[in-house]
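Chemist: My questions will all concern the structure given below.
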Amino acid sequence: MANRKNFSGLLLPLILASLIVGQSVQAVGVGVKPKRIDLQVKAGKATNTEFLVMNVDEKPALYQIYPDALEKAIEIAPTDFLLDAQASQLVKVQVKIKTPGLFSTNISIVARPLEASGFSAASGIKLPITISSSGWSRWWLIIGLIILLAACLGLVFGVKLLYKRKLGIRR
Amino acid sequence: MRKKIKNFWAGLLMLAFILQPALVSAGIPEGATYLRSQVDDPWITMALKAAGETNIPLGHLRSVSGNLATDYAKTILALASVGENPKTFSNVDYVAKLKTYLTDNQMGDKNLLNDDAWSILALASVGEVNSPEAAAAKNFLLANQNADGGWSYSVGAGSDTNDTAAAIMALLEAGVSNGNSVITAALAYLQSAQNIDGGISYQLGSNSDSGSDSWVISALIKAGINPSSWNQNGNNPVTHLQSLQDDDGGFWWVTPGTSEWNNKAMTAFAVIALSNKTYPVGYYQSGFVPGTYHFRLEGSTSTICDTQVAGTTALDLVKNAASTCGYTYTITQESYGPYLRAINNDQAQGMSGWLYFVDNISPPVGADTYILEEGDEVLFYYGEWGWNPTRLSASLLEINPGEAVDVSAQYFNGTDWLPLPNAVVKVNEEVRTADALGHLALTINQNGFYQVYVDTPGFVRSDKVKITVGDTVSQEVGLQVEVDQSGGGNIGGEAIALVVDQSQLNFGTLAPGQTNTRVVNLTNGGTVGLSVGAAVSGDVVFVSGIKISNQSWADYTQAISPNESKTAEVSLTVPQNYLASGIKSGELIFWATSQ
């Protein structure tokens, strides 16, 4: 116990957060075209679009792309890739939303250095994406079907009633 | 007993030796499965080939249009790896496209080195490692080796393992021996970047990663070194790379759990390396069977022959190509040996006769005694002694009617290619004249294919460059679409771009309560105004201790106009109650959104 106390006493003044990282100074950059994505889609149907990611710097970098939300509705390919200086990569986006409505989120594009250590600064772009989904929602479809069914039943019932009355008149 | 123990260890060693290839190959089919689920690119094509896969998708290699030498280099390498001809696979001759990047006696961007290494490898993959373009790139690489033995991505910058590995492979391909001090110094640099986990770091001092492991393994294989022999505490680059494979077959960039932005972008390189493959992964041989050579015969008024033919001596090629190219020849036996007296009607007389070059240099021996070496290109011409070979390059090989293409005429003086002043350039048979620097702005108004070449009196006629004008491209071989990734198509409009001038922030060694500040420049390289914010992740010392421009990183915002730069003062204060010590990692992302 005494030893531990002594150790703590020694340790406390010696607590040095040695935040040593790589020595090189390397820029990292990312460019994206277009500056936003606006999509008109039909609910339940897949719609495709694409955007261009550019390495606007003079060094190769690793790029990662992901949606901030709507992960199940937005598919991106490729999501991770390496780009040489001044090189570009066409990224495909497939949107499939089941319900109608207006949806808005960002696609995040991050450029990171190839060095894997220390505290790094990365460059990122939030590409706004809005999705206007039109069509019948599932609930409206169900309600519509119920109304249609009720109307059909009413019609059958009405015809039957009318037929019975006609028979009654003949008798 | 001792003997038994000795036998046990000997047996174990032998078993390990026998099993080594199987161990190395472990995980390759799984890696290939992962790659098939990804968007195709040239590296994936090479990796699938290296993994022994069949039915490899090649559609993405058609009609590639790039703006970098490496765009064409990697396309050529991918096509060569699967046995397709990069000159004819698409409607675009990718090799000719790549060669247009020869500027200032190097390939591609004169500030970059990686495009030189990959250009050499690409040209080697199609049997053109002795071309002037490859030679220029080789000399440029040799002139830009750093004092530590390595190469950087760009001229004058610090070495990194990835580009050093590429340079080693390129120079070996270009004829530098693996015992040469250039190579041994480079290998020593690579070994100095090996970490205790057996893996290789991108630059000295950083963590091991799968990309660096992969490039270095491939370079070692090319240099004839077993990568497993680079042992560190029982680990080596191969075992480290294998340790990064995930259940889905992909290879993580770094050890899972050590980086929250881990990814599997290096999987293709890993599959190539673990398949014991180096670069080029494969070579395209179009009639390039061993023992055959490129042979061109320039007569007094036209090109008589341009083919690939077998032979032992330079004179053999004249004999052996006659039936293929349909010419007659006369060789007489003189006191000094065989003499090529005539081809067709071009007979030696007066000062004119048949002379030859090998790789554009006049050999000091007769054609009958010149023994051909692999890759030799032989040119016979009818003319006078002292005429220099010429060549022609064009800035574009496909143009629209009325569009200008910059044509450049050069001659070889025995050591360098120099501009040919006032060169006579023929467009099919129409004569044009270049300016004093050998340049000609050529405009063609009619659709069609045009053979463009230098045919200047007193110089040897050049090889022909084919320029396609208009939609003849579609008429030639089906349909063509050119994917313009530089901003055309439906990717139009304005661009958002942000550059952060430092990717590593070194706050030094800090005690609790101490603060250090680093300045970062943020540049808007796009066409729209930016609103920049920040996010910090990683170790708690960063999440709780980082401030940007004297405010919490979460509250930081900065507006930046197009082409404007702003500074951000990033300060780190180690909290007083912080108990941990050692090297910590984290990440600061500057997020940009358009205003």
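Going by the structure tokens order, chains are called A, B, ..., each with residues numbered from 1, while ligands are numbered from 1 in the order shown.
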For stretch 70-83 of chain A, work out the shell of residues within 8 Å, counting only C-alpha atoms and skipping chain neighbours fewer than 3 positions away, then give it as a short mmCIF file (atom, residue, chain, number, x, y, z; two decimals) with N, CA and C atoms, in the first residue's frame.
Modeler:
```cif
data_model
loop_
_atom_site.label_atom_id
_atom_site.label_comp_id
_atom_site.auth_asym_id
_atom_site.auth_seq_id
_atom_site.Cartn_x
_atom_site.Cartn_y
_atom_site.Cartn_z
N MET A 54 -13.38 14.86 -55.69
CA MET A 54 -12.07 15.20 -56.26
C MET A 54 -11.05 15.39 -55.15
N ASN A 55 -9.86 14.90 -55.37
CA ASN A 55 -8.74 15.22 -54.48
C ASN A 55 -8.15 16.53 -55.00
N PRO A 60 -1.85 12.09 -52.23
CA PRO A 60 -2.94 11.12 -52.21
C PRO A 60 -3.60 11.10 -50.83
N ALA A 61 -4.85 10.73 -50.79
CA ALA A 61 -5.57 10.69 -49.52
C ALA A 61 -6.63 9.60 -49.58
N LEU A 62 -7.09 9.21 -48.40
CA LEU A 62 -8.16 8.22 -48.28
C LEU A 62 -9.49 8.94 -48.15
N TYR A 63 -10.48 8.48 -48.86
CA TYR A 63 -11.79 9.13 -48.85
C TYR A 63 -12.84 8.17 -48.31
N GLN A 64 -13.70 8.72 -47.48
CA GLN A 64 -14.79 7.93 -46.92
C GLN A 64 -16.09 8.69 -47.11
N ILE A 65 -17.15 7.98 -47.49
CA ILE A 65 -18.43 8.62 -47.78
C ILE A 65 -19.55 7.88 -47.08
N TYR A 66 -20.43 8.64 -46.43
CA TYR A 66 -21.56 8.00 -45.75
C TYR A 66 -22.69 9.01 -45.58
N PRO A 67 -23.94 8.52 -45.53
CA PRO A 67 -25.04 9.45 -45.27
C PRO A 67 -25.16 9.71 -43.77
N GLN A 86 -5.21 15.31 -57.37
CA GLN A 86 -5.95 15.85 -58.51
C GLN A 86 -6.82 14.79 -59.21
N ALA A 87 -6.89 13.60 -58.66
CA ALA A 87 -7.73 12.57 -59.27
C ALA A 87 -9.16 12.70 -58.78
N SER A 88 -10.06 12.03 -59.47
CA SER A 88 -11.46 12.13 -59.07
C SER A 88 -12.13 10.76 -59.13
N GLN A 89 -13.22 10.64 -58.46
CA GLN A 89 -13.96 9.38 -58.42
C GLN A 89 -15.46 9.69 -58.49
N VAL A 91 -19.07 8.84 -57.68
CA VAL A 91 -19.73 8.08 -56.61
C VAL A 91 -21.21 7.92 -56.96
N LYS A 92 -21.69 6.69 -56.90
CA LYS A 92 -23.09 6.42 -57.25
C LYS A 92 -23.94 6.39 -55.99
N VAL A 93 -25.11 6.96 -56.11
CA VAL A 93 -26.04 7.01 -54.98
C VAL A 93 -27.37 6.41 -55.45
N GLN A 94 -27.88 5.46 -54.69
CA GLN A 94 -29.21 4.92 -54.99
C GLN A 94 -30.14 5.22 -53.82
N VAL A 95 -31.25 5.86 -54.14
CA VAL A 95 -32.21 6.24 -53.11
C VAL A 95 -33.48 5.43 -53.31
N LYS A 96 -33.93 4.79 -52.24
CA LYS A 96 -35.20 4.04 -52.30
C LYS A 96 -35.94 4.29 -50.99
N ILE A 97 -36.97 5.14 -51.10
CA ILE A 97 -37.73 5.51 -49.91
C ILE A 97 -39.14 4.92 -50.03
N THR A 105 -31.10 15.30 -45.61
CA THR A 105 -29.96 14.95 -44.77
C THR A 105 -28.69 15.38 -45.53
N GLN B 38 -17.58 -4.83 -54.61
CA GLN B 38 -17.25 -3.41 -54.67
C GLN B 38 -17.39 -2.85 -56.09
N VAL B 39 -17.37 -1.54 -56.19
CA VAL B 39 -17.42 -0.89 -57.50
C VAL B 39 -16.10 -1.17 -58.23
N ASN B 263 -11.11 1.67 -42.60
CA ASN B 263 -11.82 1.36 -43.84
C ASN B 263 -11.12 0.20 -44.54
N LYS B 264 -11.71 -0.24 -45.64
CA LYS B 264 -11.16 -1.40 -46.36
C LYS B 264 -10.75 -1.04 -47.78
N ALA B 265 -10.35 0.21 -47.97
CA ALA B 265 -10.00 0.68 -49.31
C ALA B 265 -8.73 0.03 -49.87
N MET B 266 -7.94 -0.61 -49.02
CA MET B 266 -6.66 -1.19 -49.46
C MET B 266 -6.77 -2.66 -49.84
#
```
Chemist: Among stretch 167-412 of chain B, which residues carry a DSSP assignment of alpha helix (DSSP H), reported as a PyMOL selection string?
Modeler: chain B and resi 167-173+181-192+210-222+237-243+267-274+314-320+322-325
Chemist: Please identify every residue of chain B that has at least one atom no more than 6 Å from any atom of chain A, counting only C-alpha atoms, and report them as a PyMOL selection string.
Modeler: chain B and resi 39+202+206-207+265+493-506+508-511+581-593
Chemist: Could the residues in this selection be written to a file with C-alpha atoms, as a PDB file, in the first residue's frame?
Modeler:
```pdb
ATOM      1  CA  VAL B  39     -17.418  -0.888 -57.503  1.00  0.00           C
ATOM      2  CA  TYR B 202       3.426   5.000 -44.393  1.00  0.00           C
ATOM      3  CA  SER B 206       3.422   6.217 -38.009  1.00  0.00           C
ATOM      4  CA  ASN B 207       1.400   3.071 -37.369  1.00  0.00           C
ATOM      5  CA  ALA B 265     -10.001   0.683 -49.313  1.00  0.00           C
ATOM      6  CA  GLY B 493     -22.592  23.118 -61.880  1.00  0.00           C
ATOM      7  CA  GLU B 494     -20.722  24.513 -58.975  1.00  0.00           C
ATOM      8  CA  ALA B 495     -18.223  22.675 -56.823  1.00  0.00           C
ATOM      9  CA  ILE B 496     -17.541  22.672 -53.115  1.00  0.00           C
ATOM     10  CA  ALA B 497     -13.905  22.230 -52.126  1.00  0.00           C
ATOM     11  CA  LEU B 498     -11.991  22.602 -48.908  1.00  0.00           C
ATOM     12  CA  VAL B 499      -8.269  22.163 -48.327  1.00  0.00           C
ATOM     13  CA  VAL B 500      -6.777  21.864 -44.852  1.00  0.00           C
ATOM     14  CA  ASP B 501      -3.076  22.641 -45.079  1.00  0.00           C
ATOM     15  CA  GLN B 502      -1.947  20.339 -42.260  1.00  0.00           C
ATOM     16  CA  SER B 503      -3.107  16.814 -41.792  1.00  0.00           C
ATOM     17  CA  GLN B 504      -1.098  16.117 -38.634  1.00  0.00           C
ATOM     18  CA  LEU B 505      -1.192  18.403 -35.610  1.00  0.00           C
ATOM     19  CA  ASN B 506       1.706  17.870 -33.239  1.00  0.00           C
ATOM     20  CA  GLY B 508       4.351  18.164 -28.459  1.00  0.00           C
ATOM     21  CA  THR B 509       4.591  16.841 -24.909  1.00  0.00           C
ATOM     22  CA  LEU B 510       2.165  18.467 -22.507  1.00  0.00           C
ATOM     23  CA  ALA B 511       1.562  18.076 -18.794  1.00  0.00           C
ATOM     24  CA  SER B 581      -0.211   9.392 -20.376  1.00  0.00           C
ATOM     25  CA  GLY B 582       1.395   8.345 -23.624  1.00  0.00           C
ATOM     26  CA  ILE B 583       0.691   8.979 -27.273  1.00  0.00           C
ATOM     27  CA  LYS B 584      -2.956   9.699 -27.940  1.00  0.00           C
ATOM     28  CA  SER B 585      -4.789   9.683 -31.203  1.00  0.00           C
ATOM     29  CA  GLY B 586      -7.781  11.572 -32.399  1.00  0.00           C
ATOM     30  CA  GLU B 587      -9.173  13.446 -35.335  1.00  0.00           C
ATOM     31  CA  LEU B 588     -10.341  16.930 -36.114  1.00  0.00           C
ATOM     32  CA  ILE B 589     -12.561  17.211 -39.167  1.00  0.00           C
ATOM     33  CA  PHE B 590     -13.236  20.609 -40.662  1.00  0.00           C
ATOM     34  CA  TRP B 591     -16.675  20.230 -42.233  1.00  0.00           C
ATOM     35  CA  ALA B 592     -17.643  22.476 -45.097  1.00  0.00           C
ATOM     36  CA  THR B 593     -21.129  23.102 -46.405  1.00  0.00           C
TER      37      THR B 593
END
```
Chemist: Per DSSP on the backbone, what are the strand (DSSP E) residues of stretch 398-551 of chain B, as a ChimeraX atom specification?
Modeler: /B:398-399,404-412,417-419,424-427,430-433,439-443,448-454,465-469,483-484,496-500,508-510,515-524,530-538,546-548,551
Chemist: Using only C-alpha atoms, which protein or nucleic acid residues come within 12 Å of B:Ser119? Drop anything in the same chain fewer than 6 positions from it, and give the result as JSON, numbers by chain.
Modeler: {"B": [68, 69, 70, 71, 72, 73, 74, 75, 76, 77, 94, 95, 96, 97, 98, 99, 100, 101, 102, 106, 107, 108, 109, 112, 113, 125, 126, 128, 129, 131, 132, 133, 134, 135, 136, 137, 138, 140, 141, 166, 167, 169, 170, 171, 173, 174, 279, 280]}
Chemist: Could the residues in this selection be written to a file with N, CA and C atoms, as a compact mmCIF listing (two decimals), in the first residue's frame?
Modeler:
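The result, stored in out.txt:
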```txt
# COMPACT_ATOMS: atom_id res chain seq x y z
N LEU B 68 -5.07 12.57 -65.72
CA LEU B 68 -3.76 12.33 -65.12
C LEU B 68 -3.06 11.19 -65.85
N ALA B 69 -1.74 11.22 -65.83
CA ALA B 69 -0.99 10.10 -66.43
C ALA B 69 -1.35 8.80 -65.73
N THR B 70 -1.58 8.87 -64.43
CA THR B 70 -1.88 7.65 -63.68
C THR B 70 -3.24 7.08 -64.06
N ASP B 71 -4.16 7.92 -64.52
CA ASP B 71 -5.46 7.38 -64.97
C ASP B 71 -5.24 6.37 -66.09
N TYR B 72 -4.35 6.71 -67.02
CA TYR B 72 -4.08 5.81 -68.14
C TYR B 72 -3.13 4.69 -67.72
N ALA B 73 -2.18 5.00 -66.84
CA ALA B 73 -1.22 3.98 -66.41
C ALA B 73 -1.94 2.81 -65.74
N LYS B 74 -2.85 3.12 -64.83
CA LYS B 74 -3.49 2.01 -64.11
C LYS B 74 -4.47 1.26 -65.03
N THR B 75 -5.05 1.97 -66.00
CA THR B 75 -5.93 1.29 -66.96
C THR B 75 -5.12 0.32 -67.81
N ILE B 76 -3.96 0.77 -68.26
CA ILE B 76 -3.08 -0.09 -69.06
C ILE B 76 -2.66 -1.31 -68.24
N LEU B 77 -2.27 -1.07 -67.00
CA LEU B 77 -1.83 -2.19 -66.14
C LEU B 77 -2.95 -3.20 -65.94
N TYR B 94 -4.81 3.65 -75.21
CA TYR B 94 -4.39 4.15 -73.89
C TYR B 94 -2.88 4.36 -73.82
N VAL B 95 -2.13 3.55 -74.55
CA VAL B 95 -0.67 3.71 -74.50
C VAL B 95 -0.28 5.04 -75.14
N ALA B 96 -0.90 5.33 -76.28
CA ALA B 96 -0.61 6.62 -76.93
C ALA B 96 -1.05 7.78 -76.04
N LYS B 97 -2.19 7.61 -75.38
CA LYS B 97 -2.67 8.65 -74.46
C LYS B 97 -1.65 8.88 -73.35
N LEU B 98 -1.16 7.77 -72.77
CA LEU B 98 -0.19 7.89 -71.68
C LEU B 98 1.06 8.62 -72.16
N LYS B 99 1.49 8.30 -73.37
CA LYS B 99 2.73 8.91 -73.87
C LYS B 99 2.59 10.42 -74.09
N THR B 100 1.37 10.90 -74.23
CA THR B 100 1.21 12.35 -74.41
C THR B 100 1.55 13.11 -73.14
N TYR B 101 1.73 12.39 -72.03
CA TYR B 101 2.06 13.06 -70.77
C TYR B 101 3.56 13.28 -70.60
N LEU B 102 4.33 13.00 -71.64
CA LEU B 102 5.77 13.28 -71.57
C LEU B 102 5.98 14.79 -71.69
N GLN B 106 9.98 14.17 -68.30
CA GLN B 106 9.40 13.30 -67.28
C GLN B 106 7.95 13.07 -67.65
N MET B 107 7.32 12.16 -66.92
CA MET B 107 5.93 11.82 -67.26
C MET B 107 4.96 12.50 -66.29
N GLY B 108 3.93 13.11 -66.87
CA GLY B 108 2.87 13.69 -66.05
C GLY B 108 3.26 15.01 -65.43
N ASP B 109 2.81 15.20 -64.20
CA ASP B 109 3.06 16.45 -63.48
C ASP B 109 4.52 16.50 -63.05
N LEU B 112 5.33 15.81 -59.43
CA LEU B 112 5.01 14.51 -58.84
C LEU B 112 5.96 13.42 -59.32
N LEU B 113 6.14 12.42 -58.48
CA LEU B 113 7.01 11.29 -58.82
C LEU B 113 6.22 10.01 -59.03
N SER B 125 4.41 -3.05 -69.07
CA SER B 125 3.39 -4.10 -69.20
C SER B 125 2.99 -4.33 -70.65
N VAL B 126 3.31 -3.37 -71.53
CA VAL B 126 2.99 -3.55 -72.95
C VAL B 126 4.27 -3.62 -73.79
N GLU B 128 6.98 -1.76 -73.68
CA GLU B 128 7.57 -0.50 -74.13
C GLU B 128 8.42 0.14 -73.03
N VAL B 129 9.10 -0.70 -72.29
CA VAL B 129 9.92 -0.17 -71.20
C VAL B 129 11.15 0.57 -71.74
N SER B 131 10.96 2.63 -74.28
CA SER B 131 10.48 3.81 -75.02
C SER B 131 11.10 5.08 -74.43
N PRO B 132 11.14 6.16 -75.20
CA PRO B 132 11.67 7.42 -74.67
C PRO B 132 10.91 7.90 -73.44
N GLU B 133 9.62 7.61 -73.39
CA GLU B 133 8.81 8.05 -72.26
C GLU B 133 9.24 7.33 -70.97
N ALA B 134 9.43 6.03 -71.09
CA ALA B 134 9.86 5.26 -69.92
C ALA B 134 11.27 5.66 -69.50
N ALA B 135 12.11 5.91 -70.48
CA ALA B 135 13.50 6.31 -70.17
C ALA B 135 13.52 7.65 -69.44
N ALA B 136 12.68 8.58 -69.89
CA ALA B 136 12.63 9.90 -69.24
C ALA B 136 12.14 9.76 -67.80
N ALA B 137 11.11 8.94 -67.61
CA ALA B 137 10.56 8.74 -66.26
C ALA B 137 11.60 8.08 -65.35
N LYS B 138 12.34 7.13 -65.92
CA LYS B 138 13.38 6.45 -65.14
C LYS B 138 14.43 7.46 -64.66
N PHE B 140 14.11 10.61 -64.31
CA PHE B 140 13.52 11.56 -63.36
C PHE B 140 13.45 10.94 -61.96
N LEU B 141 13.08 9.66 -61.92
CA LEU B 141 13.04 8.98 -60.61
C LEU B 141 14.43 8.91 -59.99
N ALA B 166 6.79 1.65 -55.06
CA ALA B 166 6.44 1.79 -56.49
C ALA B 166 7.68 2.13 -57.32
N ALA B 167 8.53 3.01 -56.78
CA ALA B 167 9.74 3.41 -57.50
C ALA B 167 10.69 2.22 -57.66
N MET B 169 9.89 -0.96 -57.83
CA MET B 169 9.36 -1.86 -58.85
C MET B 169 9.57 -1.29 -60.25
N ALA B 170 9.38 0.03 -60.38
CA ALA B 170 9.53 0.66 -61.69
C ALA B 170 10.98 0.60 -62.16
N LEU B 171 11.90 0.91 -61.27
CA LEU B 171 13.31 0.93 -61.66
C LEU B 171 13.83 -0.47 -61.98
N GLU B 173 12.01 -2.78 -63.18
CA GLU B 173 11.41 -3.06 -64.48
C GLU B 173 12.18 -2.35 -65.59
N ALA B 174 12.73 -1.17 -65.26
CA ALA B 174 13.44 -0.37 -66.26
C ALA B 174 14.90 -0.77 -66.41
N TYR B 279 4.16 -5.78 -59.49
CA TYR B 279 3.63 -4.95 -60.59
C TYR B 279 4.66 -4.86 -61.71
N PRO B 280 4.27 -4.95 -62.96
CA PRO B 280 2.92 -5.22 -63.45
C PRO B 280 2.45 -6.61 -63.03
```
